[in-house]
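Enquirer: Questions regarding the structure given below will be posed in turn.
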Amino acid sequence: MKLFFAALLLLGLSALFGDTGNGFRTIQFGTDRQTVIEEIFKLGYDVQGQSSDRICIPVFMMGDLPVEVNFLFNRNDKFYSLEFRTGRIDVKRINKLFEAVDYLSDQFALKYGNPNRRYSINESNIQSGIHNIYREWTSDKNYNIYTALVENDLRYYTIGVVTHQALAQEAPEEKEQSRKIQKSAAF
């Protein structure tokens with residue numbers, strides 16, 4: 001019976017992040033922007049907050065935690081990173097921030113296993129304007145995976161990030177093409 005419930009839990013998490021761990025549900029890293037938008041609509045979500053480097057699902061339930069999901073695109077317009085962000089809170093509710101980062105970290109642990117690194121963060125050592133890493137998964141060198149706390153303008157939020165390293169560092173395709181042309185022209 002316990003095995004049945006464990007299998008059910010894993011199936012639910014596969015539906016949350018994606019079957020293979022390299023994307024969000026049916027959307028795989030490396031997918032072009034237009035296909036990502038189409039897939040988001042197929043999943044029943046509206047696309048909002050489009051900019052040159054990202055698109056957003058404003059409200060997504062990660063278990064019991066409402067988060068904003070951001071799909072980030074590299075210079076070749078390929079999906080390379082996924083961010084889960086909680087809403088911003090003020091310092092009076094900082095205890096909720098730590099509850100949210102614990103919950104988000106637990107959700108990541110269900111998908112990616114136990115974190116390899118745990119950092120001790122409290123209210124007094126949160127640095128402004130950066131991702132203060134809380135938990136980090138370093139076992140797969142192809143991905144940068146972590147949860148963090150962020151403070152900006154005295155407002156706090158939690159973020160969970162999954163980044164495909166090779167796609168994050170991919171050179172723009174136009175430059176690749178011009179290098180090939182230059183090489184072939186310079187015999």
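Residues are named by chain letter and number: chains run A, B, ... in the order of the structure tokens, numbers start at 1 in each chain, and ligands are numbered from 1 in the order shown.
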When you look at Ala100 in chain A with a cut-off of 12 Å (counting only C-alpha atoms), what residues show up, excluding the ones that are within fewer than 3 positions of it in the same chain? I need them as a count of residues only.

Expert: 31

Enquirer: Which residues come within 12 Å of range 27-42 of chain A, counting only C-alpha atoms, excluding same-chain residues fewer than 3 positions away, as a VMD selection string?

Expert: chain A and resid 15 to 24 45 to 58 60 69 to 82 142 to 143 162 to 168 170

Enquirer: I'd like the neighbourhood of Val161 in chain A as a list of chain:residue names, where a residue qualifies if any of its atoms comes within 6 Å (using only C-alpha atoms), though same-chain residues fewer than 3 positions away should be ignored.

Expert: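 The neighbour list is A:Leu82, A:Glu83, A:Ile145, A:Tyr146.
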
Enquirer: Name the residues of range 108-176 of chain A that come out as strand (DSSP E) in a backbone DSSP run; write them as a list in words.

Expert: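 Assigned to strand (DSSP E), within range 108-176 of chain A: Arg117, Arg118, Asn132, Ile133, Tyr134, Arg135, Glu136, Trp137, Tyr143, Asn144, Ile145, Tyr146, Thr147, Ala148, Leu149, Val150, Glu151, Asn152, Arg155, Tyr156, Tyr157, Thr158, Ile159, Gly160, Val161, Val162, Thr163 and His164 of chain A.
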
Enquirer: Which of these, A:Ile121, A:Glu68, A:Thr138, A:Ser128, has the shortest distance to Arg155 in chain A once you count only C-alpha atoms?

Expert: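 Of the candidates, the smallest distance to Arg155 in chain A is held by A:Ser128.
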
Enquirer: As a ChimeraX atom specification, please: the residues near range 114-119 of chain A (cut-off 8 Å, only C-alpha atoms, same-chain neighbours under 2 positions excluded).

Expert: /A:109-110,112,121,133-139

Enquirer: Generate a file of the selected residues that holds C-alpha atoms, formatted as a PDB file, in the first residue's frame.

Expert:
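So again-v3.pdb came out as:
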```pdb
ATOM      1  CA  ALA A 109      13.526  17.645  -3.278  1.00  0.00           C
ATOM      2  CA  LEU A 110      10.608  15.455  -4.325  1.00  0.00           C
ATOM      3  CA  TYR A 112      15.405  16.218  -7.802  1.00  0.00           C
ATOM      4  CA  ILE A 121      20.124  32.024   6.099  1.00  0.00           C
ATOM      5  CA  ILE A 133      20.795  30.496  -2.133  1.00  0.00           C
ATOM      6  CA  TYR A 134      18.984  28.375   0.446  1.00  0.00           C
ATOM      7  CA  ARG A 135      19.229  24.867  -1.057  1.00  0.00           C
ATOM      8  CA  GLU A 136      21.224  23.683  -4.068  1.00  0.00           C
ATOM      9  CA  TRP A 137      21.170  20.510  -6.166  1.00  0.00           C
ATOM     10  CA  THR A 138      24.587  19.945  -7.754  1.00  0.00           C
ATOM     11  CA  SER A 139      24.538  16.266  -8.702  1.00  0.00           C
TER      12      SER A 139
END
```

Enquirer: Looking at only C-alpha atoms, which of A:Gln169, A:Ser124, A:Thr26, A:Asn152 is the one that sits closest to Asp90 in chain A?

Expert: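 Checking each of A:Gln169, A:Ser124, A:Thr26, A:Asn152 against Asp90 in chain A, counting only C-alpha atoms, the winner is A:Asn152.
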
Enquirer: Name the residues of chain A that come out as alpha helix (DSSP H) in a backbone DSSP run; write them as a PDB file with N, CA and C atoms, in the first residue's frame.

Expert:
```pdb
ATOM      1  N   LYS A   2       1.954   1.254   0.827  1.00  0.00           N
ATOM      2  CA  LYS A   2       2.859   2.403   0.849  1.00  0.00           C
ATOM      3  C   LYS A   2       3.508   2.601  -0.514  1.00  0.00           C
ATOM      4  N   LEU A   3       3.847   1.509  -1.177  1.00  0.00           N
ATOM      5  CA  LEU A   3       4.453   1.585  -2.498  1.00  0.00           C
ATOM      6  C   LEU A   3       3.495   2.210  -3.493  1.00  0.00           C
ATOM      7  N   PHE A   4       2.231   1.902  -3.385  1.00  0.00           N
ATOM      8  CA  PHE A   4       1.212   2.480  -4.262  1.00  0.00           C
ATOM      9  C   PHE A   4       1.154   3.993  -4.089  1.00  0.00           C
ATOM     10  N   PHE A   5       1.133   4.478  -2.836  1.00  0.00           N
ATOM     11  CA  PHE A   5       1.073   5.919  -2.574  1.00  0.00           C
ATOM     12  C   PHE A   5       2.353   6.620  -3.014  1.00  0.00           C
ATOM     13  N   ALA A   6       3.482   5.968  -2.852  1.00  0.00           N
ATOM     14  CA  ALA A   6       4.751   6.550  -3.306  1.00  0.00           C
ATOM     15  C   ALA A   6       4.747   6.701  -4.831  1.00  0.00           C
ATOM     16  N   ALA A   7       4.241   5.700  -5.523  1.00  0.00           N
ATOM     17  CA  ALA A   7       4.161   5.771  -6.983  1.00  0.00           C
ATOM     18  C   ALA A   7       3.206   6.876  -7.423  1.00  0.00           C
ATOM     19  N   LEU A   8       2.088   7.000  -6.723  1.00  0.00           N
ATOM     20  CA  LEU A   8       1.140   8.068  -7.030  1.00  0.00           C
ATOM     21  C   LEU A   8       1.767   9.443  -6.828  1.00  0.00           C
ATOM     22  N   LEU A   9       2.528   9.626  -5.759  1.00  0.00           N
ATOM     23  CA  LEU A   9       3.200  10.883  -5.474  1.00  0.00           C
ATOM     24  C   LEU A   9       4.202  11.209  -6.580  1.00  0.00           C
ATOM     25  N   LEU A  10       5.000  10.236  -6.996  1.00  0.00           N
ATOM     26  CA  LEU A  10       5.975  10.463  -8.065  1.00  0.00           C
ATOM     27  C   LEU A  10       5.293  10.802  -9.384  1.00  0.00           C
ATOM     28  N   LEU A  11       4.175  10.160  -9.669  1.00  0.00           N
ATOM     29  CA  LEU A  11       3.427  10.467 -10.888  1.00  0.00           C
ATOM     30  C   LEU A  11       2.926  11.900 -10.861  1.00  0.00           C
ATOM     31  N   GLY A  12       2.423  12.342  -9.716  1.00  0.00           N
ATOM     32  CA  GLY A  12       1.957  13.723  -9.576  1.00  0.00           C
ATOM     33  C   GLY A  12       3.077  14.718  -9.769  1.00  0.00           C
ATOM     34  N   LEU A  13       4.260  14.407  -9.253  1.00  0.00           N
ATOM     35  CA  LEU A  13       5.397  15.322  -9.423  1.00  0.00           C
ATOM     36  C   LEU A  13       5.883  15.338 -10.855  1.00  0.00           C
ATOM     37  N   SER A  14       5.817  14.214 -11.548  1.00  0.00           N
ATOM     38  CA  SER A  14       6.175  14.211 -12.959  1.00  0.00           C
ATOM     39  C   SER A  14       5.271  15.141 -13.735  1.00  0.00           C
ATOM     40  N   ALA A  15       4.002  15.156 -13.395  1.00  0.00           N
ATOM     41  CA  ALA A  15       3.075  16.065 -14.069  1.00  0.00           C
ATOM     42  C   ALA A  15       3.373  17.516 -13.731  1.00  0.00           C
ATOM     43  N   LEU A  16       3.898  17.763 -12.545  1.00  0.00           N
ATOM     44  CA  LEU A  16       4.187  19.133 -12.128  1.00  0.00           C
ATOM     45  C   LEU A  16       5.342  19.727 -12.914  1.00  0.00           C
ATOM     46  N   PHE A  17       6.482  19.069 -12.928  1.00  0.00           N
ATOM     47  CA  PHE A  17       7.665  19.619 -13.565  1.00  0.00           C
ATOM     48  C   PHE A  17       7.849  19.136 -15.001  1.00  0.00           C
ATOM     49  N   ARG A  33      10.356  29.871 -28.576  1.00  0.00           N
ATOM     50  CA  ARG A  33       9.378  30.710 -27.875  1.00  0.00           C
ATOM     51  C   ARG A  33       7.944  30.446 -28.345  1.00  0.00           C
ATOM     52  N   GLN A  34       7.709  30.425 -29.640  1.00  0.00           N
ATOM     53  CA  GLN A  34       6.338  30.259 -30.138  1.00  0.00           C
ATOM     54  C   GLN A  34       5.743  28.923 -29.715  1.00  0.00           C
ATOM     55  N   THR A  35       6.538  27.867 -29.759  1.00  0.00           N
ATOM     56  CA  THR A  35       6.059  26.551 -29.333  1.00  0.00           C
ATOM     57  C   THR A  35       5.773  26.542 -27.836  1.00  0.00           C
ATOM     58  N   VAL A  36       6.611  27.218 -27.032  1.00  0.00           N
ATOM     59  CA  VAL A  36       6.364  27.307 -25.585  1.00  0.00           C
ATOM     60  C   VAL A  36       5.019  27.985 -25.335  1.00  0.00           C
ATOM     61  N   ILE A  37       4.756  29.084 -26.029  1.00  0.00           N
ATOM     62  CA  ILE A  37       3.486  29.793 -25.868  1.00  0.00           C
ATOM     63  C   ILE A  37       2.313  28.885 -26.226  1.00  0.00           C
ATOM     64  N   GLU A  38       2.421  28.181 -27.327  1.00  0.00           N
ATOM     65  CA  GLU A  38       1.353  27.262 -27.745  1.00  0.00           C
ATOM     66  C   GLU A  38       1.134  26.167 -26.709  1.00  0.00           C
ATOM     67  N   GLU A  39       2.220  25.605 -26.177  1.00  0.00           N
ATOM     68  CA  GLU A  39       2.116  24.531 -25.178  1.00  0.00           C
ATOM     69  C   GLU A  39       1.490  25.049 -23.877  1.00  0.00           C
ATOM     70  N   ILE A  40       1.828  26.268 -23.483  1.00  0.00           N
ATOM     71  CA  ILE A  40       1.235  26.847 -22.278  1.00  0.00           C
ATOM     72  C   ILE A  40      -0.275  26.972 -22.452  1.00  0.00           C
ATOM     73  N   PHE A  41      -0.705  27.439 -23.621  1.00  0.00           N
ATOM     74  CA  PHE A  41      -2.142  27.534 -23.893  1.00  0.00           C
ATOM     75  C   PHE A  41      -2.795  26.157 -23.876  1.00  0.00           C
ATOM     76  N   LYS A  42      -2.130  25.150 -24.441  1.00  0.00           N
ATOM     77  CA  LYS A  42      -2.663  23.788 -24.427  1.00  0.00           C
ATOM     78  C   LYS A  42      -2.823  23.249 -23.006  1.00  0.00           C
ATOM     79  N   ILE A  94       8.029  38.140   7.523  1.00  0.00           N
ATOM     80  CA  ILE A  94       9.224  37.401   7.097  1.00  0.00           C
ATOM     81  C   ILE A  94       9.160  35.918   7.450  1.00  0.00           C
ATOM     82  N   ASN A  95       8.441  35.563   8.504  1.00  0.00           N
ATOM     83  CA  ASN A  95       8.313  34.143   8.847  1.00  0.00           C
ATOM     84  C   ASN A  95       7.638  33.373   7.710  1.00  0.00           C
ATOM     85  N   LYS A  96       6.724  34.012   6.983  1.00  0.00           N
ATOM     86  CA  LYS A  96       6.064  33.372   5.832  1.00  0.00           C
ATOM     87  C   LYS A  96       7.060  33.113   4.709  1.00  0.00           C
ATOM     88  N   LEU A  97       8.056  33.984   4.590  1.00  0.00           N
ATOM     89  CA  LEU A  97       9.093  33.812   3.577  1.00  0.00           C
ATOM     90  C   LEU A  97       9.851  32.509   3.812  1.00  0.00           C
ATOM     91  N   PHE A  98      10.210  32.266   5.065  1.00  0.00           N
ATOM     92  CA  PHE A  98      10.949  31.046   5.390  1.00  0.00           C
ATOM     93  C   PHE A  98      10.067  29.798   5.253  1.00  0.00           C
ATOM     94  N   GLU A  99       8.793  29.913   5.551  1.00  0.00           N
ATOM     95  CA  GLU A  99       7.872  28.801   5.318  1.00  0.00           C
ATOM     96  C   GLU A  99       7.786  28.499   3.819  1.00  0.00           C
ATOM     97  N   ALA A 100       7.704  29.549   3.008  1.00  0.00           N
ATOM     98  CA  ALA A 100       7.592  29.367   1.551  1.00  0.00           C
ATOM     99  C   ALA A 100       8.851  28.738   0.964  1.00  0.00           C
ATOM    100  N   VAL A 101      10.033  29.182   1.384  1.00  0.00           N
ATOM    101  CA  VAL A 101      11.267  28.618   0.829  1.00  0.00           C
ATOM    102  C   VAL A 101      11.448  27.169   1.282  1.00  0.00           C
ATOM    103  N   ASP A 102      11.018  26.848   2.496  1.00  0.00           N
ATOM    104  CA  ASP A 102      11.069  25.452   2.943  1.00  0.00           C
ATOM    105  C   ASP A 102      10.137  24.587   2.094  1.00  0.00           C
ATOM    106  N   TYR A 103       8.926  25.084   1.858  1.00  0.00           N
ATOM    107  CA  TYR A 103       7.951  24.327   1.068  1.00  0.00           C
ATOM    108  C   TYR A 103       8.449  24.155  -0.370  1.00  0.00           C
ATOM    109  N   LEU A 104       8.938  25.233  -0.972  1.00  0.00           N
ATOM    110  CA  LEU A 104       9.455  25.168  -2.342  1.00  0.00           C
ATOM    111  C   LEU A 104      10.642  24.215  -2.418  1.00  0.00           C
ATOM    112  N   SER A 105      11.522  24.267  -1.439  1.00  0.00           N
ATOM    113  CA  SER A 105      12.671  23.351  -1.392  1.00  0.00           C
ATOM    114  C   SER A 105      12.217  21.899  -1.254  1.00  0.00           C
ATOM    115  N   ASP A 106      11.182  21.666  -0.455  1.00  0.00           N
ATOM    116  CA  ASP A 106      10.632  20.312  -0.319  1.00  0.00           C
ATOM    117  C   ASP A 106      10.060  19.812  -1.647  1.00  0.00           C
ATOM    118  N   GLN A 107       9.391  20.697  -2.389  1.00  0.00           N
ATOM    119  CA  GLN A 107       8.843  20.323  -3.697  1.00  0.00           C
ATOM    120  C   GLN A 107       9.972  19.980  -4.669  1.00  0.00           C
ATOM    121  N   PHE A 108      11.040  20.761  -4.657  1.00  0.00           N
ATOM    122  CA  PHE A 108      12.199  20.470  -5.498  1.00  0.00           C
ATOM    123  C   PHE A 108      12.841  19.143  -5.072  1.00  0.00           C
ATOM    124  N   ALA A 109      12.925  18.890  -3.767  1.00  0.00           N
ATOM    125  CA  ALA A 109      13.526  17.645  -3.278  1.00  0.00           C
ATOM    126  C   ALA A 109      12.734  16.429  -3.744  1.00  0.00           C
ATOM    127  N   LEU A 110      11.424  16.562  -3.823  1.00  0.00           N
ATOM    128  CA  LEU A 110      10.608  15.455  -4.325  1.00  0.00           C
ATOM    129  C   LEU A 110      10.932  15.145  -5.788  1.00  0.00           C
ATOM    130  N   LYS A 111      11.281  16.168  -6.537  1.00  0.00           N
ATOM    131  CA  LYS A 111      11.591  15.994  -7.954  1.00  0.00           C
ATOM    132  C   LYS A 111      13.057  15.633  -8.190  1.00  0.00           C
ATOM    133  N   TYR A 112      13.977  16.333  -7.509  1.00  0.00           N
ATOM    134  CA  TYR A 112      15.405  16.218  -7.802  1.00  0.00           C
ATOM    135  C   TYR A 112      16.202  15.474  -6.741  1.00  0.00           C
ATOM    136  N   GLN A 165      22.407  24.450 -18.386  1.00  0.00           N
ATOM    137  CA  GLN A 165      23.677  25.164 -18.507  1.00  0.00           C
ATOM    138  C   GLN A 165      24.121  25.395 -19.948  1.00  0.00           C
ATOM    139  N   ALA A 166      24.057  24.375 -20.788  1.00  0.00           N
ATOM    140  CA  ALA A 166      24.526  24.526 -22.167  1.00  0.00           C
ATOM    141  C   ALA A 166      23.674  25.543 -22.932  1.00  0.00           C
ATOM    142  N   LEU A 167      22.361  25.492 -22.741  1.00  0.00           N
ATOM    143  CA  LEU A 167      21.491  26.454 -23.433  1.00  0.00           C
ATOM    144  C   LEU A 167      21.685  27.868 -22.894  1.00  0.00           C
ATOM    145  N   ALA A 168      22.005  27.999 -21.619  1.00  0.00           N
ATOM    146  CA  ALA A 168      22.238  29.325 -21.037  1.00  0.00           C
ATOM    147  C   ALA A 168      23.476  29.983 -21.641  1.00  0.00           C
ATOM    148  N   GLU A 173      22.959  32.178 -32.784  1.00  0.00           N
ATOM    149  CA  GLU A 173      23.086  31.448 -34.041  1.00  0.00           C
ATOM    150  C   GLU A 173      23.581  32.327 -35.171  1.00  0.00           C
ATOM    151  N   GLU A 174      23.207  33.596 -35.199  1.00  0.00           N
ATOM    152  CA  GLU A 174      23.655  34.498 -36.258  1.00  0.00           C
ATOM    153  C   GLU A 174      25.172  34.615 -36.254  1.00  0.00           C
ATOM    154  N   LYS A 175      25.780  34.714 -35.081  1.00  0.00           N
ATOM    155  CA  LYS A 175      27.233  34.795 -34.999  1.00  0.00           C
ATOM    156  C   LYS A 175      27.871  33.503 -35.460  1.00  0.00           C
ATOM    157  N   GLU A 176      27.242  32.371 -35.115  1.00  0.00           N
ATOM    158  CA  GLU A 176      27.752  31.080 -35.576  1.00  0.00           C
ATOM    159  C   GLU A 176      27.754  31.037 -37.098  1.00  0.00           C
ATOM    160  N   GLN A 177      26.668  31.504 -37.701  1.00  0.00           N
ATOM    161  CA  GLN A 177      26.582  31.516 -39.159  1.00  0.00           C
ATOM    162  C   GLN A 177      27.647  32.414 -39.765  1.00  0.00           C
ATOM    163  N   SER A 178      27.844  33.604 -39.193  1.00  0.00           N
ATOM    164  CA  SER A 178      28.838  34.526 -39.760  1.00  0.00           C
ATOM    165  C   SER A 178      30.240  33.961 -39.583  1.00  0.00           C
ATOM    166  N   ARG A 179      30.543  33.239 -38.493  1.00  0.00           N
ATOM    167  CA  ARG A 179      31.845  32.605 -38.321  1.00  0.00           C
ATOM    168  C   ARG A 179      32.077  31.549 -39.389  1.00  0.00           C
ATOM    169  N   LYS A 180      31.035  30.761 -39.700  1.00  0.00           N
ATOM    170  CA  LYS A 180      31.165  29.736 -40.736  1.00  0.00           C
ATOM    171  C   LYS A 180      31.427  30.373 -42.093  1.00  0.00           C
ATOM    172  N   ILE A 181      30.745  31.462 -42.372  1.00  0.00           N
ATOM    173  CA  ILE A 181      30.940  32.152 -43.654  1.00  0.00           C
ATOM    174  C   ILE A 181      32.344  32.729 -43.717  1.00  0.00           C
ATOM    175  N   GLN A 182      32.820  33.344 -42.654  1.00  0.00           N
ATOM    176  CA  GLN A 182      34.160  33.915 -42.634  1.00  0.00           C
ATOM    177  C   GLN A 182      35.206  32.825 -42.809  1.00  0.00           C
ATOM    178  N   LYS A 183      35.035  31.678 -42.168  1.00  0.00           N
ATOM    179  CA  LYS A 183      35.997  30.598 -42.296  1.00  0.00           C
ATOM    180  C   LYS A 183      36.049  30.066 -43.736  1.00  0.00           C
ATOM    181  N   SER A 184      34.894  29.902 -44.337  1.00  0.00           N
ATOM    182  CA  SER A 184      34.868  29.374 -45.694  1.00  0.00           C
ATOM    183  C   SER A 184      35.386  30.394 -46.701  1.00  0.00           C
ATOM    184  N   ALA A 185      35.249  31.671 -46.425  1.00  0.00           N
ATOM    185  CA  ALA A 185      35.712  32.704 -47.350  1.00  0.00           C
ATOM    186  C   ALA A 185      37.223  32.925 -47.237  1.00  0.00           C
TER     187      ALA A 185
END
```
